[in-house]
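Novice: Got a file for you: model05.txt, compact mmCIF, C-alpha atoms.
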```txt
# COMPACT_ATOMS: atom_id res chain seq x y z
CA MET A 193 0.00 0.00 0.00
CA ILE A 194 1.24 3.47 -0.91
CA THR A 195 -0.15 6.04 1.52
CA GLU A 196 -0.81 9.64 0.48
CA ASN A 197 -0.13 12.39 3.01
CA GLN A 198 -0.41 16.13 2.88
CA TYR A 199 0.43 18.89 5.33
CA PHE A 200 0.10 22.67 5.50
CA ASP A 201 -2.85 22.84 3.08
CA GLY A 202 -1.03 20.75 0.46
CA GLN A 203 2.20 22.76 0.55
CA VAL A 204 3.95 19.55 1.57
CA LYS A 205 2.90 16.17 0.12
CA SER A 206 4.39 12.73 0.57
CA LEU A 207 3.94 9.07 -0.35
CA GLY A 208 4.56 6.45 2.34
CA TYR A 209 5.83 2.90 1.91
CA GLN A 210 7.57 0.12 3.81
CA THR A 211 11.12 -1.15 3.53
CA THR A 212 12.69 -4.09 5.34
CA ALA A 213 14.48 -1.50 7.54
CA GLY A 214 11.36 0.52 8.42
CA LYS A 215 8.86 3.02 7.05
CA SER A 216 9.91 5.67 4.52
CA THR A 217 8.26 8.54 2.68
CA VAL A 218 9.24 10.44 -0.46
CA GLY A 219 7.80 13.92 -0.68
CA VAL A 220 7.90 17.42 -2.06
CA ILE A 221 8.01 20.71 -0.12
CA ASN A 222 6.79 23.91 -1.78
CA PRO A 223 8.67 27.17 -1.17
CA GLY A 224 7.86 28.41 2.35
CA GLU A 225 8.67 27.82 6.01
CA TYR A 226 7.24 24.91 7.99
CA GLU A 227 7.64 23.34 11.42
CA PHE A 228 7.53 19.56 11.85
CA GLY A 229 7.39 17.39 14.95
CA THR A 230 8.85 13.88 15.13
CA ALA A 231 7.25 10.85 16.78
CA GLN A 232 10.27 8.70 15.95
CA LYS A 233 13.80 9.33 14.69
CA GLU A 234 13.83 10.71 11.14
CA ILE A 235 16.63 10.70 8.59
CA MET A 236 15.84 13.39 6.02
CA ASN A 237 17.66 13.02 2.68
CA ILE A 238 17.47 15.89 0.19
CA ILE A 239 16.81 14.50 -3.31
CA GLU A 240 16.48 17.69 -5.39
CA GLY A 241 16.40 21.34 -4.34
CA GLU A 242 17.70 22.43 -0.94
CA LEU A 243 16.42 23.03 2.56
CA ALA A 244 17.43 25.43 5.30
CA VAL A 245 16.87 23.72 8.65
CA LEU A 246 16.55 25.16 12.15
CA PHE A 247 17.06 22.41 14.71
CA SER A 248 15.34 22.80 18.09
CA GLY A 249 17.42 24.78 20.58
CA LYS A 250 19.59 26.29 17.82
CA SER A 251 19.61 29.87 16.61
CA ASP A 252 21.34 29.41 13.23
CA TRP A 253 19.80 27.88 10.13
CA GLU A 254 21.86 25.19 8.37
CA THR A 255 21.49 24.57 4.64
CA PHE A 256 21.30 21.06 3.18
CA GLN A 257 21.80 20.52 -0.55
CA ALA A 258 20.60 17.68 -2.76
CA GLY A 259 22.57 14.54 -1.87
CA SER A 260 22.96 15.48 1.80
CA PHE A 261 20.92 14.43 4.82
CA PHE A 262 20.20 15.34 8.42
CA GLU A 263 18.79 13.46 11.40
CA VAL A 264 16.18 14.51 13.91
CA PRO A 265 15.62 12.54 17.15
CA ALA A 266 12.22 11.19 18.22
CA ASN A 267 9.87 13.59 20.03
CA ASP A 268 11.65 16.66 18.73
CA SER A 269 10.73 19.43 16.30
CA PHE A 270 12.51 21.29 13.52
CA LYS A 271 11.78 24.10 11.10
CA VAL A 272 12.54 23.95 7.38
CA LYS A 273 12.64 26.72 4.81
CA ALA A 274 12.53 26.02 1.06
CA THR A 275 13.06 28.62 -1.66
CA VAL A 276 12.46 26.14 -4.52
CA GLN A 277 10.31 23.01 -4.72
CA THR A 278 12.39 20.45 -2.85
CA ALA A 279 12.11 16.65 -2.97
CA TYR A 280 13.11 14.52 -0.01
CA LEU A 281 13.30 10.97 1.30
CA CYS A 282 12.39 10.62 4.98
CA GLN A 283 13.46 7.38 6.64
CA TYR A 284 11.88 6.48 9.98
CA ARG A 285 14.51 4.29 11.61
CA MET B 80 2.11 23.26 -7.29
CA ILE B 81 2.69 19.62 -6.39
CA THR B 82 0.82 17.36 -8.81
CA GLU B 83 -0.47 13.94 -7.74
CA ASN B 84 -0.35 11.11 -10.27
CA GLN B 85 -1.32 7.49 -10.12
CA TYR B 86 -1.04 4.62 -12.58
CA PHE B 87 -2.09 0.97 -12.75
CA ASP B 88 -4.97 1.35 -10.27
CA GLY B 89 -2.76 3.07 -7.69
CA GLN B 90 0.05 0.48 -7.84
CA VAL B 91 2.34 3.32 -8.90
CA LYS B 92 1.97 6.83 -7.42
CA SER B 93 4.07 9.94 -7.92
CA LEU B 94 4.31 13.62 -6.99
CA GLY B 95 5.36 16.09 -9.69
CA TYR B 96 7.27 19.34 -9.30
CA GLN B 97 9.46 21.75 -11.22
CA THR B 98 13.19 22.34 -11.00
CA THR B 99 15.24 24.95 -12.85
CA ALA B 100 16.49 22.08 -15.08
CA GLY B 101 13.03 20.66 -15.90
CA LYS B 102 10.14 18.66 -14.48
CA SER B 103 10.73 15.86 -11.96
CA THR B 104 8.61 13.34 -10.09
CA VAL B 105 9.26 11.29 -6.98
CA GLY B 106 7.21 8.14 -6.73
CA VAL B 107 6.68 4.68 -5.34
CA ILE B 108 6.15 1.42 -7.27
CA ASN B 109 4.40 -1.49 -5.59
CA PRO B 110 5.62 -5.03 -6.23
CA GLY B 111 4.55 -6.11 -9.72
CA GLU B 112 5.38 -5.68 -13.41
CA TYR B 113 4.48 -2.54 -15.36
CA GLU B 114 5.11 -1.08 -18.81
CA PHE B 115 5.69 2.65 -19.25
CA GLY B 116 5.91 4.83 -22.34
CA THR B 117 7.99 8.00 -22.55
CA ALA B 118 6.96 11.29 -24.20
CA GLN B 119 10.33 12.83 -23.41
CA LYS B 120 13.69 11.55 -22.20
CA GLU B 121 13.54 10.19 -18.65
CA ILE B 122 16.33 9.68 -16.14
CA MET B 123 15.11 7.17 -13.56
CA ASN B 124 17.02 7.20 -10.25
CA ILE B 125 16.33 4.41 -7.75
CA ILE B 126 16.00 5.89 -4.24
CA GLU B 127 15.10 2.81 -2.15
CA GLY B 128 14.35 -0.76 -3.20
CA GLU B 129 15.37 -2.07 -6.60
CA LEU B 130 13.93 -2.41 -10.10
CA ALA B 131 14.45 -4.96 -12.84
CA VAL B 132 14.16 -3.17 -16.18
CA LEU B 133 13.52 -4.53 -19.67
CA PHE B 134 14.48 -1.90 -22.25
CA SER B 135 12.67 -1.97 -25.60
CA GLY B 136 14.32 -4.29 -28.13
CA LYS B 137 16.22 -6.18 -25.41
CA SER B 138 15.57 -9.71 -24.19
CA ASP B 139 17.42 -9.60 -20.85
CA TRP B 140 16.24 -7.80 -17.73
CA GLU B 141 18.78 -5.53 -15.98
CA THR B 142 18.59 -4.86 -12.25
CA PHE B 143 19.08 -1.37 -10.80
CA GLN B 144 19.74 -0.94 -7.08
CA ALA B 145 19.12 2.08 -4.84
CA GLY B 146 21.63 4.79 -5.77
CA SER B 147 21.79 3.82 -9.44
CA PHE B 148 19.91 5.22 -12.44
CA PHE B 149 19.00 4.45 -16.04
CA GLU B 150 17.90 6.57 -18.98
CA VAL B 151 15.08 6.02 -21.46
CA PRO B 152 14.87 8.07 -24.69
CA ALA B 153 11.75 10.01 -25.69
CA ASN B 154 8.96 8.11 -27.46
CA ASP B 155 10.16 4.77 -26.19
CA SER B 156 8.80 2.20 -23.75
CA PHE B 157 10.24 0.04 -21.01
CA LYS B 158 9.05 -2.59 -18.55
CA VAL B 159 9.88 -2.60 -14.84
CA LYS B 160 9.50 -5.33 -12.26
CA ALA B 161 9.60 -4.62 -8.52
CA THR B 162 9.69 -7.28 -5.82
CA VAL B 163 9.59 -4.75 -2.94
CA GLN B 164 8.07 -1.24 -2.71
CA THR B 165 10.56 0.87 -4.62
CA ALA B 166 10.97 4.65 -4.50
CA TYR B 167 12.31 6.56 -7.48
CA LEU B 168 13.13 10.02 -8.79
CA CYS B 169 12.24 10.53 -12.46
CA GLN B 170 13.87 13.54 -14.16
CA TYR B 171 12.41 14.72 -17.46
CA ARG B 172 15.40 16.40 -19.11
```
In structure tokens, how does this file's structure come out?

Specialist:
Amino acid sequence: MITENQYFDGQVKSLGYQTTAGKSTVGVINPGEYEFGTAQKEIMNIIEGELAVLFSGKSDWETFQAGSFFEVPANDSFKVKATVQTAYLCQYR
Amino acid sequence: MITENQYFDGQVKSLGYQTTAGKSTVGVINPGEYEFGTAQKEIMNIIEGELAVLFSGKSDWETFQAGSFFEVPANDSFKVKATVQTAYLCQYR
């Protein structure tokens, strides 16, 4: 089964699926700024585009280009800012 | 705008977006065998999972793992076979 998810009035959409290592989603983020919360650890891989990320407790944004990734612990939150449509792979592991 | 596409009764779903280099989609293919046609050149990047591919005019299937890619010319067709849910990035360039 391929699940369809959308957030922020459709500004972020993703498709969910299962791997042998755990659940994953591939998605697209429209230009804008969004805050996400995590229920479990997330590994966010940038596929195309780029994301500025503000990790909780930090005051500086970090930029992640296509081909790079960042991790967010369970029960945490983070802000992302996209200036172009950005595709990502999120691995829940 | 993030477009939502589905094919083969929802066995293949994708999300479309624009990059400065051209249109792209990220999608998920459920286990099964499917035939696709191309209107323009496609660069298919495997994100997670793996795909067996039968290019037109060939008799042997080739397997592409996560991290690899293959290209299909415009106005061509190809068959894919997935044994696990497989995520891909398709670049129309």

Novice: Could you list, as number ranges by chain, every residue within 10 Å of B:Lys102, counting all atoms listed in the file and ignoring same-chain residues fewer than 2 positions away?

Specialist: B: 95-100, 104, 169-172

Novice: Take the selection from the previous step and output its residues with C-alpha atoms, as a PDB file, in the coordinates of the input.

Specialist:
```
ATOM      1  CA  GLY B  95       5.360  16.090  -9.690  1.00  0.00           C
ATOM      2  CA  TYR B  96       7.270  19.340  -9.300  1.00  0.00           C
ATOM      3  CA  GLN B  97       9.460  21.750 -11.220  1.00  0.00           C
ATOM      4  CA  THR B  98      13.190  22.340 -11.000  1.00  0.00           C
ATOM      5  CA  THR B  99      15.240  24.950 -12.850  1.00  0.00           C
ATOM      6  CA  ALA B 100      16.490  22.080 -15.080  1.00  0.00           C
ATOM      7  CA  THR B 104       8.610  13.340 -10.090  1.00  0.00           C
ATOM      8  CA  CYS B 169      12.240  10.530 -12.460  1.00  0.00           C
ATOM      9  CA  GLN B 170      13.870  13.540 -14.160  1.00  0.00           C
ATOM     10  CA  TYR B 171      12.410  14.720 -17.460  1.00  0.00           C
ATOM     11  CA  ARG B 172      15.400  16.400 -19.110  1.00  0.00           C
TER      12      ARG B 172
END
```

Novice: For a quick check of understanding, using only C-alpha atoms, which of A:Asp201, A:Gly219, A:Glu227, A:Phe256 has the smallest distance to chain B?

Specialist: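 Looking only at the distances to chain B, the closest residue turns out to be A:Gly219.
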
Novice: Residues of chain B within 10 Å of chain A, counting only C-alpha atoms, what are they? List them as a ChimeraX atom specification.

Specialist: /B:80-83,89-99,103-110,126-128,163-168

Novice: May I have the selected residues written with C-alpha atoms, as a compact mmCIF listing (two decimals), in the frame of the given file?

Specialist:
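Dumped everything to part_5.txt:
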```
# COMPACT_ATOMS: atom_id res chain seq x y z
CA MET B 80 2.11 23.26 -7.29
CA ILE B 81 2.69 19.62 -6.39
CA THR B 82 0.82 17.36 -8.81
CA GLU B 83 -0.47 13.94 -7.74
CA GLY B 89 -2.76 3.07 -7.69
CA GLN B 90 0.05 0.48 -7.84
CA VAL B 91 2.34 3.32 -8.90
CA LYS B 92 1.97 6.83 -7.42
CA SER B 93 4.07 9.94 -7.92
CA LEU B 94 4.31 13.62 -6.99
CA GLY B 95 5.36 16.09 -9.69
CA TYR B 96 7.27 19.34 -9.30
CA GLN B 97 9.46 21.75 -11.22
CA THR B 98 13.19 22.34 -11.00
CA THR B 99 15.24 24.95 -12.85
CA SER B 103 10.73 15.86 -11.96
CA THR B 104 8.61 13.34 -10.09
CA VAL B 105 9.26 11.29 -6.98
CA GLY B 106 7.21 8.14 -6.73
CA VAL B 107 6.68 4.68 -5.34
CA ILE B 108 6.15 1.42 -7.27
CA ASN B 109 4.40 -1.49 -5.59
CA PRO B 110 5.62 -5.03 -6.23
CA ILE B 126 16.00 5.89 -4.24
CA GLU B 127 15.10 2.81 -2.15
CA GLY B 128 14.35 -0.76 -3.20
CA VAL B 163 9.59 -4.75 -2.94
CA GLN B 164 8.07 -1.24 -2.71
CA THR B 165 10.56 0.87 -4.62
CA ALA B 166 10.97 4.65 -4.50
CA TYR B 167 12.31 6.56 -7.48
CA LEU B 168 13.13 10.02 -8.79
```

Novice: Go ahead and align chain B to chain A (same sequence, so just pair every C-alpha in order, least squares) and export the moved chain as a CSV table (one decimal) with C-alpha atoms, in the frame of the given file.

Specialist:
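Generated output (selection05.csv):
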```csv
chain,number,residue,atom,x,y,z
B,80,MET,CA,0.0,0.0,0.0
B,81,ILE,CA,1.2,3.5,-0.9
B,82,THR,CA,-0.2,6.0,1.5
B,83,GLU,CA,-0.8,9.6,0.5
B,84,ASN,CA,-0.1,12.4,3.0
B,85,GLN,CA,-0.4,16.1,2.9
B,86,TYR,CA,0.4,18.9,5.3
B,87,PHE,CA,0.1,22.7,5.5
B,88,ASP,CA,-2.9,22.8,3.1
B,89,GLY,CA,-1.0,20.7,0.4
B,90,GLN,CA,2.2,22.8,0.5
B,91,VAL,CA,3.9,19.6,1.6
B,92,LYS,CA,2.9,16.2,0.1
B,93,SER,CA,4.4,12.7,0.6
B,94,LEU,CA,3.9,9.1,-0.4
B,95,GLY,CA,4.6,6.4,2.3
B,96,TYR,CA,5.8,2.9,1.9
B,97,GLN,CA,7.6,0.1,3.8
B,98,THR,CA,11.1,-1.2,3.5
B,99,THR,CA,12.7,-4.1,5.3
B,100,ALA,CA,14.5,-1.5,7.5
B,101,GLY,CA,11.4,0.5,8.4
B,102,LYS,CA,8.9,3.0,7.0
B,103,SER,CA,9.9,5.7,4.5
B,104,THR,CA,8.3,8.5,2.7
B,105,VAL,CA,9.2,10.4,-0.5
B,106,GLY,CA,7.8,13.9,-0.7
B,107,VAL,CA,7.9,17.4,-2.1
B,108,ILE,CA,8.0,20.7,-0.1
B,109,ASN,CA,6.8,23.9,-1.8
B,110,PRO,CA,8.7,27.2,-1.2
B,111,GLY,CA,7.9,28.4,2.3
B,112,GLU,CA,8.7,27.8,6.0
B,113,TYR,CA,7.2,24.9,8.0
B,114,GLU,CA,7.6,23.3,11.4
B,115,PHE,CA,7.5,19.6,11.9
B,116,GLY,CA,7.4,17.4,15.0
B,117,THR,CA,8.9,13.9,15.1
B,118,ALA,CA,7.3,10.8,16.8
B,119,GLN,CA,10.3,8.7,16.0
B,120,LYS,CA,13.8,9.3,14.7
B,121,GLU,CA,13.8,10.7,11.1
B,122,ILE,CA,16.6,10.7,8.6
B,123,MET,CA,15.9,13.4,6.0
B,124,ASN,CA,17.7,13.0,2.7
B,125,ILE,CA,17.5,15.9,0.2
B,126,ILE,CA,16.8,14.5,-3.3
B,127,GLU,CA,16.5,17.7,-5.4
B,128,GLY,CA,16.4,21.3,-4.3
B,129,GLU,CA,17.7,22.4,-1.0
B,130,LEU,CA,16.4,23.0,2.6
B,131,ALA,CA,17.4,25.4,5.3
B,132,VAL,CA,16.9,23.7,8.6
B,133,LEU,CA,16.6,25.2,12.1
B,134,PHE,CA,17.1,22.4,14.7
B,135,SER,CA,15.3,22.8,18.1
B,136,GLY,CA,17.4,24.8,20.6
B,137,LYS,CA,19.6,26.3,17.8
B,138,SER,CA,19.6,29.9,16.6
B,139,ASP,CA,21.3,29.4,13.2
B,140,TRP,CA,19.8,27.9,10.2
B,141,GLU,CA,21.8,25.2,8.4
B,142,THR,CA,21.5,24.6,4.6
B,143,PHE,CA,21.3,21.1,3.2
B,144,GLN,CA,21.8,20.5,-0.5
B,145,ALA,CA,20.6,17.7,-2.8
B,146,GLY,CA,22.6,14.5,-1.9
B,147,SER,CA,23.0,15.5,1.8
B,148,PHE,CA,20.9,14.4,4.8
B,149,PHE,CA,20.2,15.3,8.4
B,150,GLU,CA,18.8,13.5,11.4
B,151,VAL,CA,16.2,14.5,13.9
B,152,PRO,CA,15.6,12.5,17.2
B,153,ALA,CA,12.2,11.2,18.2
B,154,ASN,CA,9.9,13.6,20.0
B,155,ASP,CA,11.6,16.7,18.7
B,156,SER,CA,10.7,19.4,16.3
B,157,PHE,CA,12.5,21.3,13.5
B,158,LYS,CA,11.8,24.1,11.1
B,159,VAL,CA,12.5,24.0,7.4
B,160,LYS,CA,12.6,26.7,4.8
B,161,ALA,CA,12.5,26.0,1.1
B,162,THR,CA,13.1,28.6,-1.6
B,163,VAL,CA,12.5,26.1,-4.5
B,164,GLN,CA,10.3,23.0,-4.7
B,165,THR,CA,12.4,20.4,-2.8
B,166,ALA,CA,12.1,16.7,-3.0
B,167,TYR,CA,13.1,14.5,0.0
B,168,LEU,CA,13.3,11.0,1.3
B,169,CYS,CA,12.4,10.6,5.0
B,170,GLN,CA,13.5,7.4,6.7
B,171,TYR,CA,11.9,6.5,10.0
B,172,ARG,CA,14.5,4.3,11.6
```

Novice: Would you work out the distance separating atom CA of B:Gly136 from atom CA of B:Asn84, expressed in Å to one decimal?

Specialist: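 If I compute the distance from atom CA of B:Gly136 to atom CA of B:Asn84, I get 27.8 Å.
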
Novice: Which polymer residues, protein or nucleic acid, are no farther than 9 Å from (11.4, -2.6, -15.7), counting only C-alpha atoms, as a list in words?

Specialist: Glu112, Tyr113, Glu114, Phe115, Leu130, Ala131, Val132, Leu133, Phe134, Trp140, Glu141, Thr142, Phe157, Lys158, Val159, Lys160 and Ala161 of chain B

Novice: So, counting only C-alpha atoms, which residue among A:Ser260, A:Tyr199, A:Gly214, A:Lys250 is closest to A:Gln232?

Specialist: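 Closest to A:Gln232, using only C-alpha atoms: A:Gly214.
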
Novice: Tell me, in Å to one decimal, how far atom CA of A:Pro265 is from atom CA of A:Gly224.

Specialist: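 Here the two named atoms are 23.0 Å from each other.
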
Novice: How far is it from atom CA of A:Gly229 to atom CA of A:Phe261, in Å with one decimal?

Specialist: 17.2 Å

Novice: For B:Glu129, which residue among B:Gln144, B:Asn154, B:Gln85, B:Thr162 is the nearest when counting all atoms listed in the file?

Specialist: B:Gln144

Novice: Using only C-alpha atoms, which residue out of A:Ser251, A:Gly259, A:Phe200, A:Val264 lies closest to A:Lys233?

Specialist: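 Once distances to A:Lys233 are computed over only C-alpha atoms, the minimum belongs to A:Val264.
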